[in-house]
Amino acid sequence: MPVVTLPDGSTRAFDGAVTGSEVAAAIGPGLARAALAMRVNGTLMDLSRRIEHDAAVVFVTRKDAAALELIRHDAAHVLAEAVQRLFPGTQVTIGPAIENGFYYDFARETPFTPEDFAAIEDEMRRIVAEAKPFEREVVSREDAAALFEAKGERYKVQLIHDLPASETITLYRQGEWVDLCRGPHMRTTADVGHAFKLMRVAGAYWRGDHRNAMLSRIYGTAWRDEKELAAYLHQLAEAEKRDHRRIGREMNLFHLEEAAVGSVFWHPNGWKLYQTAERYIRRRLDASGYVEIKTPQLVDRTLWEKSGHWEKFREHMFVVQVEDEDRTLALKPMNCPGAVMVFRQGIRSYRELPLRLAEFGQDHRYEPSGALHGIMRVRAFQQDDGHIFCTEDQIGSETIRFVELLSSIYRDYGFDEYRVKFSTRPAVRAGSDEVWDKAEAALEAACREAGVEYTINPGEGAFYGPKLEFVLRDAIGRDWQCGTLQVDFVLPERLDAEYVGEDGARHRPVMLHRAILGSFERFLGILIEQYAGRFPLWLAPVQTVVATIVSDADTYAAEVAASLRAKGLATILDTGREKINAKIRDHTLAHVPAILVVGRREAENRTVALRRLGGEAQEILPLDEAVARLATEAVPPDLARAT
């Protein structure tokens with residue numbers, strides 16, 4: 001007689017095994033209509049599954065976050081059935097839910113094209129309207145293989161044979177159509193709804209191996225309702241307008257090419273932006289008690305072996321063989337071992353702790369060419385890295401200090417909203433379970449002390465310690481993980497870092513790995529898209545343009561430009577012979593924040609016509625007032641607060 005405990009603490013007893021649907025109906029008709037799936041003792045299950053023993057049950061409805069993954073998973077099945085209805089002979093392979101949607105890989109001689117989408121979407125809507133139940137069936141390995149063999153689904157047969165011997169093999173049917181799947185699913189195809197859209201098609205090797213057959217992958221997106229779908233499509237349209245690669249060309253910031261795959265060629269304007277960001281963060285770190293170091297790019301493999309990176313991170317490292325010395329060197333993929341080497345020089349005392357070491361470290365990591373994306377995902381990048389060596393008692397106070405600094409910096413860059421994920425121990429890691437228990441408990445306690453609210457991100461910690469991930473939300477609602485704070489008891493032990501305590505004995509420091517911007521390249525890409533190239537004046541690589549209407553104003557225009565430059569403003573003088581409307585158009589396309597237009601009248605009156613980026617109106621101001629106003633606006637936020 002199972003007893004079901006509900007989220008409010010109430011219980012329901014049943015005479016025998018009972019399905020989730022029956023439990024929902026017993027609670028009330030509203031829940032019976034709304035429930036899509038259930039969590040039984042924390043495990044997500046179909047409503048058709050039977051509860052045979054006492055259990056805690058939570059029902060998932062369309063309003064719950066978990067519903068999105070269910071909708072997308074089921075949409076992938078509906079897509080696969082629609083494709084096989086319309087294109088007989090197509091084989092299905094795998095089709096998971098992914099962030100913001102789903103995909104399915106198909107084996108077909110003729111790859112799909114976007115022109116096929118309208119017909120497929122129409123067929124998907126028919127399948128949704130048929131409201132066919134998702135029915136789970138447990139089968140033997142032999143029966144499953146025979147079923148798909150008879151259908152000519154050789155990829156499914158291979159998947160079945162490759163499943164572990166301990167795996168329970170389940171099929172899911174929706175009417176006559178059947179797929180190999182672990183589940184869970186919602187009640188019927190109708191629960192998918194109509195808030196879906198096919199987005200693009202791409203080639204994908206079977207199981208990601210280039211030696212295997214090329215499949216045709218169809219990507220789609222699916223949401224709980226039409227309003228969410230419309231919001232997502234609007235976000236995509238906005239993202240396309242803000243694409244940092246296009247804006248980078250318009251502003252002449254950088255370029256990428258095959259001569260250096262995964263590395264950025266910074267142009268003068270882009271390097272100015274880069275240096276402005278670097279100078280700002282360096283000032284903030286100096287004021288927060290950091291001392292800056294610089295460690296080597298090429299390091300002998302023996303250090304990476306001691307640190308654990310050679311074993312855990314080798315596939316991401318660029319390696320160089322020095323033949324005449326018979327040595328193997330690696331370009332550093334991260335900066336932490338170098339920071340430990342600096343800490344180890346000389347005898348350290350507890351009086352020096354916490355010791356905050358900052359490094360603008362240039363790192364190299366191998367990323368597959370298909371994963372590279374503009375300056376957002378590269379192979380060569382710089383981090384605003386920092387490593388704090390402290391005692392266990394100082395973890396909380398250093399966490400508070402770091403979160404305050406990070407929050408202030410994000411606000412200065414225009415990000416008022418972020419959330420925090422607590423990433424726990426990964427499957428591949430260094431250190432014992434006891435050390436990990438200690439590190440996770442220490443970080444959890446520090447979060448409580450710092451008032452940091454977080455969600456658990458299981459299994460995503462660094463290989464040497466748990467971490468907090470700080471996720472920014474940008475102007476169009478996208479999330480970007482940038483900052484991190486990691487608690488590490490492992491590297492100080494592996495690399496023999498120690499200090500002399502108040503008791504005169506040797507102790508291991510705790511190492512806090514932290515970054516605020518993360519990769520400079522990626523953060524600048526985020527900034528470009530956040531502002532759509534319309535930077536606040538303090539960040540803009542070209543801050544002002546002085547443009548003449550007639551050549552008679554050239555001398556005065558040069559004086560105006562000199563006045564702006566004297567105040568530190570990056571200024572272009574445009575005395576070309578083009579008409580003023582063409583000049584304004586060109587500099588607007590280049591996203592210059594302020595254009596100062598001068599003609600005969602302005603020269604006579606010692607005024608300027610000030611036009612702001614994105615505005616049609618112009619303001620006539622005395623020269624001194626315009627220069628003073630723009631100079632004030634161009635002061636970085638940290639320096640403005642100091643005055």
# chains A, B, ... in the order shown; residues from 1 in each chain; ligands from 1
$ residues_around --residues "Glu81 in chain A" --least-positions-apart "4" --cutoff "10 Å" --atoms "only C-alpha atoms" --output "list in words"
Ala75, Ala76, His77, Arg85, Leu86, Phe87, Val92, Ile120, Glu123, Met124, Ile127, Gln174, Glu176, Trp177, Val178 and Asp179 of chain A
$ residues_around --residues "Ala145 in chain A" --least-positions-apart "2" --cutoff "10 Å" --atoms "only C-alpha atoms" --output "CSV table (one decimal) with C-alpha atoms, in the first residue's frame"
chain,number,residue,atom,x,y,z
A,139,VAL,CA,12.1,-4.9,-24.3
A,140,SER,CA,15.0,-7.3,-24.5
A,141,ARG,CA,18.1,-6.3,-26.4
A,142,GLU,CA,17.4,-9.0,-29.0
A,143,ASP,CA,13.8,-7.9,-29.6
A,147,LEU,CA,12.6,-4.6,-34.6
A,148,PHE,CA,14.8,-1.9,-36.0
A,149,GLU,CA,16.7,-4.4,-38.2
A,150,ALA,CA,13.3,-5.2,-39.8
A,151,LYS,CA,12.8,-1.5,-40.4
A,153,GLU,CA,17.3,1.2,-39.1
A,154,ARG,CA,20.9,0.2,-38.9
A,156,LYS,CA,19.4,2.2,-34.2
A,157,VAL,CA,20.7,-1.4,-34.2
A,158,GLN,CA,24.2,-0.2,-33.7
A,159,LEU,CA,23.1,2.0,-30.7
A,160,ILE,CA,21.3,-1.0,-29.2
A,161,HIS,CA,24.3,-3.3,-29.5
A,180,LEU,CA,14.5,3.8,-29.0
$ select_by_dssp --residues "range 125-178 of chain A" --states "strand (DSSP E or B)" --output "PyMOL selection string"
chain A and resi 133-139+169-174+177-178
$ select_by_dssp --residues "range 472-501 of chain A" --states "alpha helix (DSSP H)" --output "list in words"
Val490, Leu491, Pro492, Glu493 and Arg494 of chain A
$ atom_distance --atom1 "CA of Thr93 in chain A" --atom2 "CA of Ala80 in chain A"
9.3 Å
$ residues_around --residues "Met214 in chain A" --least-positions-apart "5" --cutoff "10 Å" --atoms "only C-alpha atoms" --output "list in words"
Asp105, Phe106, Ala107, Arg108, Glu109, Pro111, Ala202, Gly203, Ala204, Tyr205, Trp206, Arg207, Gly208 and Asp209 of chain A
$ residues_around --residues "range 407-419 of chain A" --least-positions-apart "2" --cutoff "6 Å" --atoms "only C-alpha atoms" --output "number ranges by chain"
A: 403-405, 470-473
$ atom_distance --atom1 "CA of Val435 in chain A" --atom2 "CA of Gly451 in chain A"
24.2 Å
$ residues_around --residues "Asn100 in chain A" --least-positions-apart "4" --cutoff "9 Å" --atoms "only C-alpha atoms" --output "tab-separated table (two decimals) with C-alpha atoms, in the first residue's frame"
chain	number	residue	atom	x	y	z
A	68	LEU	CA	10.71	22.90	-21.46
A	69	GLU	CA	13.08	19.95	-21.76
A	72	ARG	CA	11.75	19.76	-26.68
A	220	GLY	CA	14.45	23.23	-34.10
A	221	THR	CA	13.29	25.35	-31.20
A	222	ALA	CA	10.26	24.68	-29.00
A	223	TRP	CA	8.64	26.63	-26.18
A	232	TYR	CA	12.97	33.89	-28.59
$ closest_residue --among "A:Val542, A:Val201, A:Ala260, A:Leu524" --to "Thr113 in chain A" --atoms "only C-alpha atoms"
A:Val201
$ closest_residue --among "A:Val510, A:Pro354, A:Glu325, A:Gln382" --to "Ala442 in chain A" --atoms "only C-alpha atoms"
A:Val510
$ closest_residue --among "A:Leu485, A:Phe422, A:Asp496, A:Val291" --to "Leu303 in chain A" --atoms "only C-alpha atoms"
A:Asp496
$ closest_residue --among "A:Glu305, A:Val340, A:Ala617, A:Tyr274" --to "Gly525 in chain A" --atoms "only C-alpha atoms"
A:Tyr274
$ atom_distance --atom1 "CA of Ala640 in chain A" --atom2 "CA of Asp286 in chain A"
16.5 Å
$ residues_around --residues "Thr19 in chain A" --least-positions-apart "6" --cutoff "10 Å" --atoms "only C-alpha atoms" --output "ChimeraX atom specification"
/A:25,46-52
$ residues_around --residues "Ile528 in chain A" --least-positions-apart "4" --cutoff "9 Å" --atoms "only C-alpha atoms" --output "list in words"
Arg242, Asp243, His244, Ile247, Gly248, Phe523, Leu524, Ala532, Gly533, Arg534 and Phe535 of chain A
$ write_last_selection --atoms "N, CA and C atoms" --output "PDB file, in the first residue's frame"
ATOM      1  N   ARG A 242      23.211  42.495 -33.658  1.00  0.00           N
ATOM      2  CA  ARG A 242      24.294  42.846 -32.754  1.00  0.00           C
ATOM      3  C   ARG A 242      25.534  41.983 -32.951  1.00  0.00           C
ATOM      4  N   ASP A 243      25.549  41.109 -33.932  1.00  0.00           N
ATOM      5  CA  ASP A 243      26.653  40.162 -34.106  1.00  0.00           C
ATOM      6  C   ASP A 243      27.997  40.893 -34.057  1.00  0.00           C
ATOM      7  N   HIS A 244      28.851  40.475 -33.124  1.00  0.00           N
ATOM      8  CA  HIS A 244      30.108  41.191 -32.907  1.00  0.00           C
ATOM      9  C   HIS A 244      31.036  41.112 -34.109  1.00  0.00           C
ATOM     10  N   ILE A 247      29.749  43.958 -36.475  1.00  0.00           N
ATOM     11  CA  ILE A 247      30.058  45.258 -35.884  1.00  0.00           C
ATOM     12  C   ILE A 247      31.567  45.474 -35.820  1.00  0.00           C
ATOM     13  N   GLY A 248      32.307  44.390 -35.579  1.00  0.00           N
ATOM     14  CA  GLY A 248      33.767  44.493 -35.572  1.00  0.00           C
ATOM     15  C   GLY A 248      34.311  44.985 -36.899  1.00  0.00           C
ATOM     16  N   PHE A 523      34.864  38.522 -23.496  1.00  0.00           N
ATOM     17  CA  PHE A 523      34.133  39.587 -22.823  1.00  0.00           C
ATOM     18  C   PHE A 523      33.948  40.792 -23.736  1.00  0.00           C
ATOM     19  N   LEU A 524      34.963  41.119 -24.542  1.00  0.00           N
ATOM     20  CA  LEU A 524      34.806  42.235 -25.471  1.00  0.00           C
ATOM     21  C   LEU A 524      33.765  41.913 -26.535  1.00  0.00           C
ATOM     22  N   ALA A 532      25.588  46.830 -28.942  1.00  0.00           N
ATOM     23  CA  ALA A 532      25.403  46.876 -30.398  1.00  0.00           C
ATOM     24  C   ALA A 532      26.392  47.855 -31.029  1.00  0.00           C
ATOM     25  N   GLY A 533      27.591  47.941 -30.456  1.00  0.00           N
ATOM     26  CA  GLY A 533      28.621  48.838 -30.967  1.00  0.00           C
ATOM     27  C   GLY A 533      28.498  50.269 -30.490  1.00  0.00           C
ATOM     28  N   ARG A 534      27.393  50.608 -29.810  1.00  0.00           N
ATOM     29  CA  ARG A 534      27.175  51.979 -29.339  1.00  0.00           C
ATOM     30  C   ARG A 534      27.695  52.104 -27.909  1.00  0.00           C
ATOM     31  N   PHE A 535      29.005  52.120 -27.777  1.00  0.00           N
ATOM     32  CA  PHE A 535      29.632  52.110 -26.470  1.00  0.00           C
ATOM     33  C   PHE A 535      29.411  53.420 -25.733  1.00  0.00           C
TER      34      PHE A 535
END
$ closest_residue --among "A:Glu352, A:Gly262, A:Lys294, A:Ile456" --to "Arg379 in chain A" --atoms "only C-alpha atoms"
A:Gly262
$ closest_residue --among "A:Asp74, A:Asp586, A:Glu315, A:Glu493" --to "Pro337 in chain A" --atoms "only C-alpha atoms"
A:Glu493
$ decode --residues "range 168-309 of chain A" --atoms "C-alpha atoms" --output "tab-separated table (two decimals), in the first residue's frame"
chain	number	residue	atom	x	y	z
A	168	THR	CA	17.33	-1.38	-19.44
A	169	ILE	CA	16.22	-1.02	-23.05
A	170	THR	CA	13.04	0.94	-23.57
A	171	LEU	CA	11.03	1.92	-26.62
A	172	TYR	CA	8.52	4.73	-26.86
A	173	ARG	CA	5.57	4.47	-29.22
A	174	GLN	CA	3.39	7.29	-30.49
A	175	GLY	CA	0.72	5.46	-32.43
A	176	GLU	CA	2.43	3.17	-34.92
A	177	TRP	CA	5.72	5.09	-34.89
A	178	VAL	CA	8.37	3.83	-32.45
A	179	ASP	CA	11.78	5.02	-31.29
A	180	LEU	CA	14.54	3.78	-29.03
A	181	CYS	CA	14.55	6.12	-26.03
A	182	ARG	CA	15.22	6.26	-22.30
A	183	GLY	CA	12.43	8.80	-21.79
A	184	PRO	CA	10.69	10.27	-20.00
A	185	HIS	CA	7.95	11.77	-22.14
A	186	MET	CA	4.77	13.73	-21.63
A	187	ARG	CA	1.31	12.21	-22.00
A	188	THR	CA	0.60	12.65	-25.72
A	189	THR	CA	1.95	14.39	-28.79
A	190	ALA	CA	-0.62	17.13	-28.14
A	191	ASP	CA	1.42	18.23	-25.12
A	192	VAL	CA	4.16	19.45	-27.48
A	193	GLY	CA	1.85	22.26	-28.55
A	194	HIS	CA	2.41	24.46	-31.59
A	195	ALA	CA	5.12	26.82	-30.28
A	196	PHE	CA	7.90	25.24	-32.32
A	197	LYS	CA	9.89	26.17	-35.40
A	198	LEU	CA	12.57	24.46	-37.46
A	199	MET	CA	15.63	26.69	-37.56
A	200	ARG	CA	18.47	25.33	-39.64
A	201	VAL	CA	20.09	22.25	-41.12
A	202	ALA	CA	23.72	21.17	-40.79
A	203	GLY	CA	25.96	18.24	-41.54
A	204	ALA	CA	27.01	16.06	-38.61
A	205	TYR	CA	29.22	12.98	-38.59
A	206	TRP	CA	27.72	9.88	-37.03
A	207	ARG	CA	28.87	9.93	-33.40
A	208	GLY	CA	31.00	13.01	-34.10
A	209	ASP	CA	33.71	10.99	-35.88
A	210	HIS	CA	34.88	12.32	-39.25
A	211	ARG	CA	35.60	8.76	-40.36
A	212	ASN	CA	31.90	7.95	-40.15
A	213	ALA	CA	29.04	8.82	-42.48
A	214	MET	CA	27.81	12.40	-42.75
A	215	LEU	CA	24.24	12.79	-41.47
A	216	SER	CA	21.73	15.58	-42.02
A	217	ARG	CA	20.92	17.36	-38.76
A	218	ILE	CA	17.75	19.43	-38.44
A	219	TYR	CA	17.67	21.92	-35.57
A	220	GLY	CA	14.45	23.23	-34.10
A	221	THR	CA	13.29	25.35	-31.20
A	222	ALA	CA	10.26	24.68	-29.00
A	223	TRP	CA	8.64	26.63	-26.18
A	224	ARG	CA	5.71	26.44	-23.83
A	225	ASP	CA	3.57	28.89	-25.77
A	226	GLU	CA	3.55	31.19	-28.78
A	227	LYS	CA	4.52	34.19	-26.67
A	228	GLU	CA	7.75	32.51	-25.54
A	229	LEU	CA	8.50	31.43	-29.11
A	230	ALA	CA	7.96	34.95	-30.42
A	231	ALA	CA	10.22	36.37	-27.70
A	232	TYR	CA	12.97	33.89	-28.59
A	233	LEU	CA	12.73	34.62	-32.32
A	234	HIS	CA	12.87	38.35	-31.55
A	235	GLN	CA	15.97	37.73	-29.43
A	236	LEU	CA	17.59	35.89	-32.33
A	237	ALA	CA	16.79	38.75	-34.69
A	238	GLU	CA	18.30	41.22	-32.22
A	239	ALA	CA	21.34	39.00	-31.79
A	240	GLU	CA	21.89	38.98	-35.54
A	241	LYS	CA	21.80	42.78	-35.60
A	242	ARG	CA	24.29	42.85	-32.75
A	243	ASP	CA	26.65	40.16	-34.11
A	244	HIS	CA	30.11	41.19	-32.91
A	245	ARG	CA	31.74	39.97	-36.11
A	246	ARG	CA	29.71	42.33	-38.29
A	247	ILE	CA	30.06	45.26	-35.88
A	248	GLY	CA	33.77	44.49	-35.57
A	249	ARG	CA	34.10	45.04	-39.34
A	250	GLU	CA	32.03	48.23	-39.27
A	251	MET	CA	34.13	49.67	-36.45
A	252	ASN	CA	37.42	48.29	-37.85
A	253	LEU	CA	38.18	46.52	-34.56
A	254	PHE	CA	39.67	43.15	-35.55
A	255	HIS	CA	39.72	40.37	-38.07
A	256	LEU	CA	40.29	36.60	-38.12
A	257	GLU	CA	41.84	34.53	-40.85
A	258	GLU	CA	43.22	31.10	-41.73
A	259	ALA	CA	46.78	32.32	-41.18
A	260	ALA	CA	46.17	32.04	-37.41
A	261	VAL	CA	43.06	29.94	-36.76
A	262	GLY	CA	41.54	30.79	-33.41
A	263	SER	CA	43.64	33.91	-32.84
A	264	VAL	CA	42.60	37.54	-33.22
A	265	PHE	CA	44.26	40.24	-35.35
A	266	TRP	CA	43.47	43.41	-33.39
A	267	HIS	CA	43.32	46.63	-35.43
A	268	PRO	CA	44.16	50.02	-33.86
A	269	ASN	CA	40.54	50.73	-32.92
A	270	GLY	CA	40.07	47.26	-31.44
A	271	TRP	CA	43.33	47.41	-29.53
A	272	LYS	CA	42.29	50.77	-28.09
A	273	LEU	CA	39.09	49.13	-26.81
A	274	TYR	CA	41.12	46.22	-25.46
A	275	GLN	CA	43.58	48.50	-23.65
A	276	THR	CA	40.80	50.63	-22.18
A	277	ALA	CA	39.21	47.53	-20.69
A	278	GLU	CA	42.58	46.30	-19.42
A	279	ARG	CA	43.54	49.63	-17.85
A	280	TYR	CA	40.18	49.81	-16.11
A	281	ILE	CA	40.36	46.33	-14.61
A	282	ARG	CA	43.99	46.85	-13.60
A	283	ARG	CA	43.05	50.00	-11.66
A	284	ARG	CA	40.25	48.13	-9.91
A	285	LEU	CA	42.57	45.28	-8.94
A	286	ASP	CA	45.28	47.66	-7.71
A	287	ALA	CA	42.71	49.39	-5.51
A	288	SER	CA	41.53	46.03	-4.17
A	289	GLY	CA	44.94	44.97	-2.90
A	290	TYR	CA	46.21	42.77	-5.75
A	291	VAL	CA	49.83	42.66	-6.87
A	292	GLU	CA	50.44	41.83	-10.50
A	293	ILE	CA	52.73	39.08	-11.78
A	294	LYS	CA	53.68	37.65	-15.16
A	295	THR	CA	54.52	33.98	-15.73
A	296	PRO	CA	56.05	32.15	-18.74
A	297	GLN	CA	54.12	31.07	-21.81
A	298	LEU	CA	56.10	27.89	-22.43
A	299	VAL	CA	56.46	25.56	-19.46
A	300	ASP	CA	58.04	22.11	-19.21
A	301	ARG	CA	55.62	19.21	-19.12
A	302	THR	CA	56.94	18.17	-15.70
A	303	LEU	CA	55.11	21.10	-14.09
A	304	TRP	CA	51.88	20.16	-15.88
A	305	GLU	CA	52.33	16.57	-14.71
A	306	LYS	CA	52.77	17.68	-11.10
A	307	SER	CA	49.74	19.99	-11.28
A	308	GLY	CA	47.55	17.29	-12.86
A	309	HIS	CA	46.87	19.21	-16.06
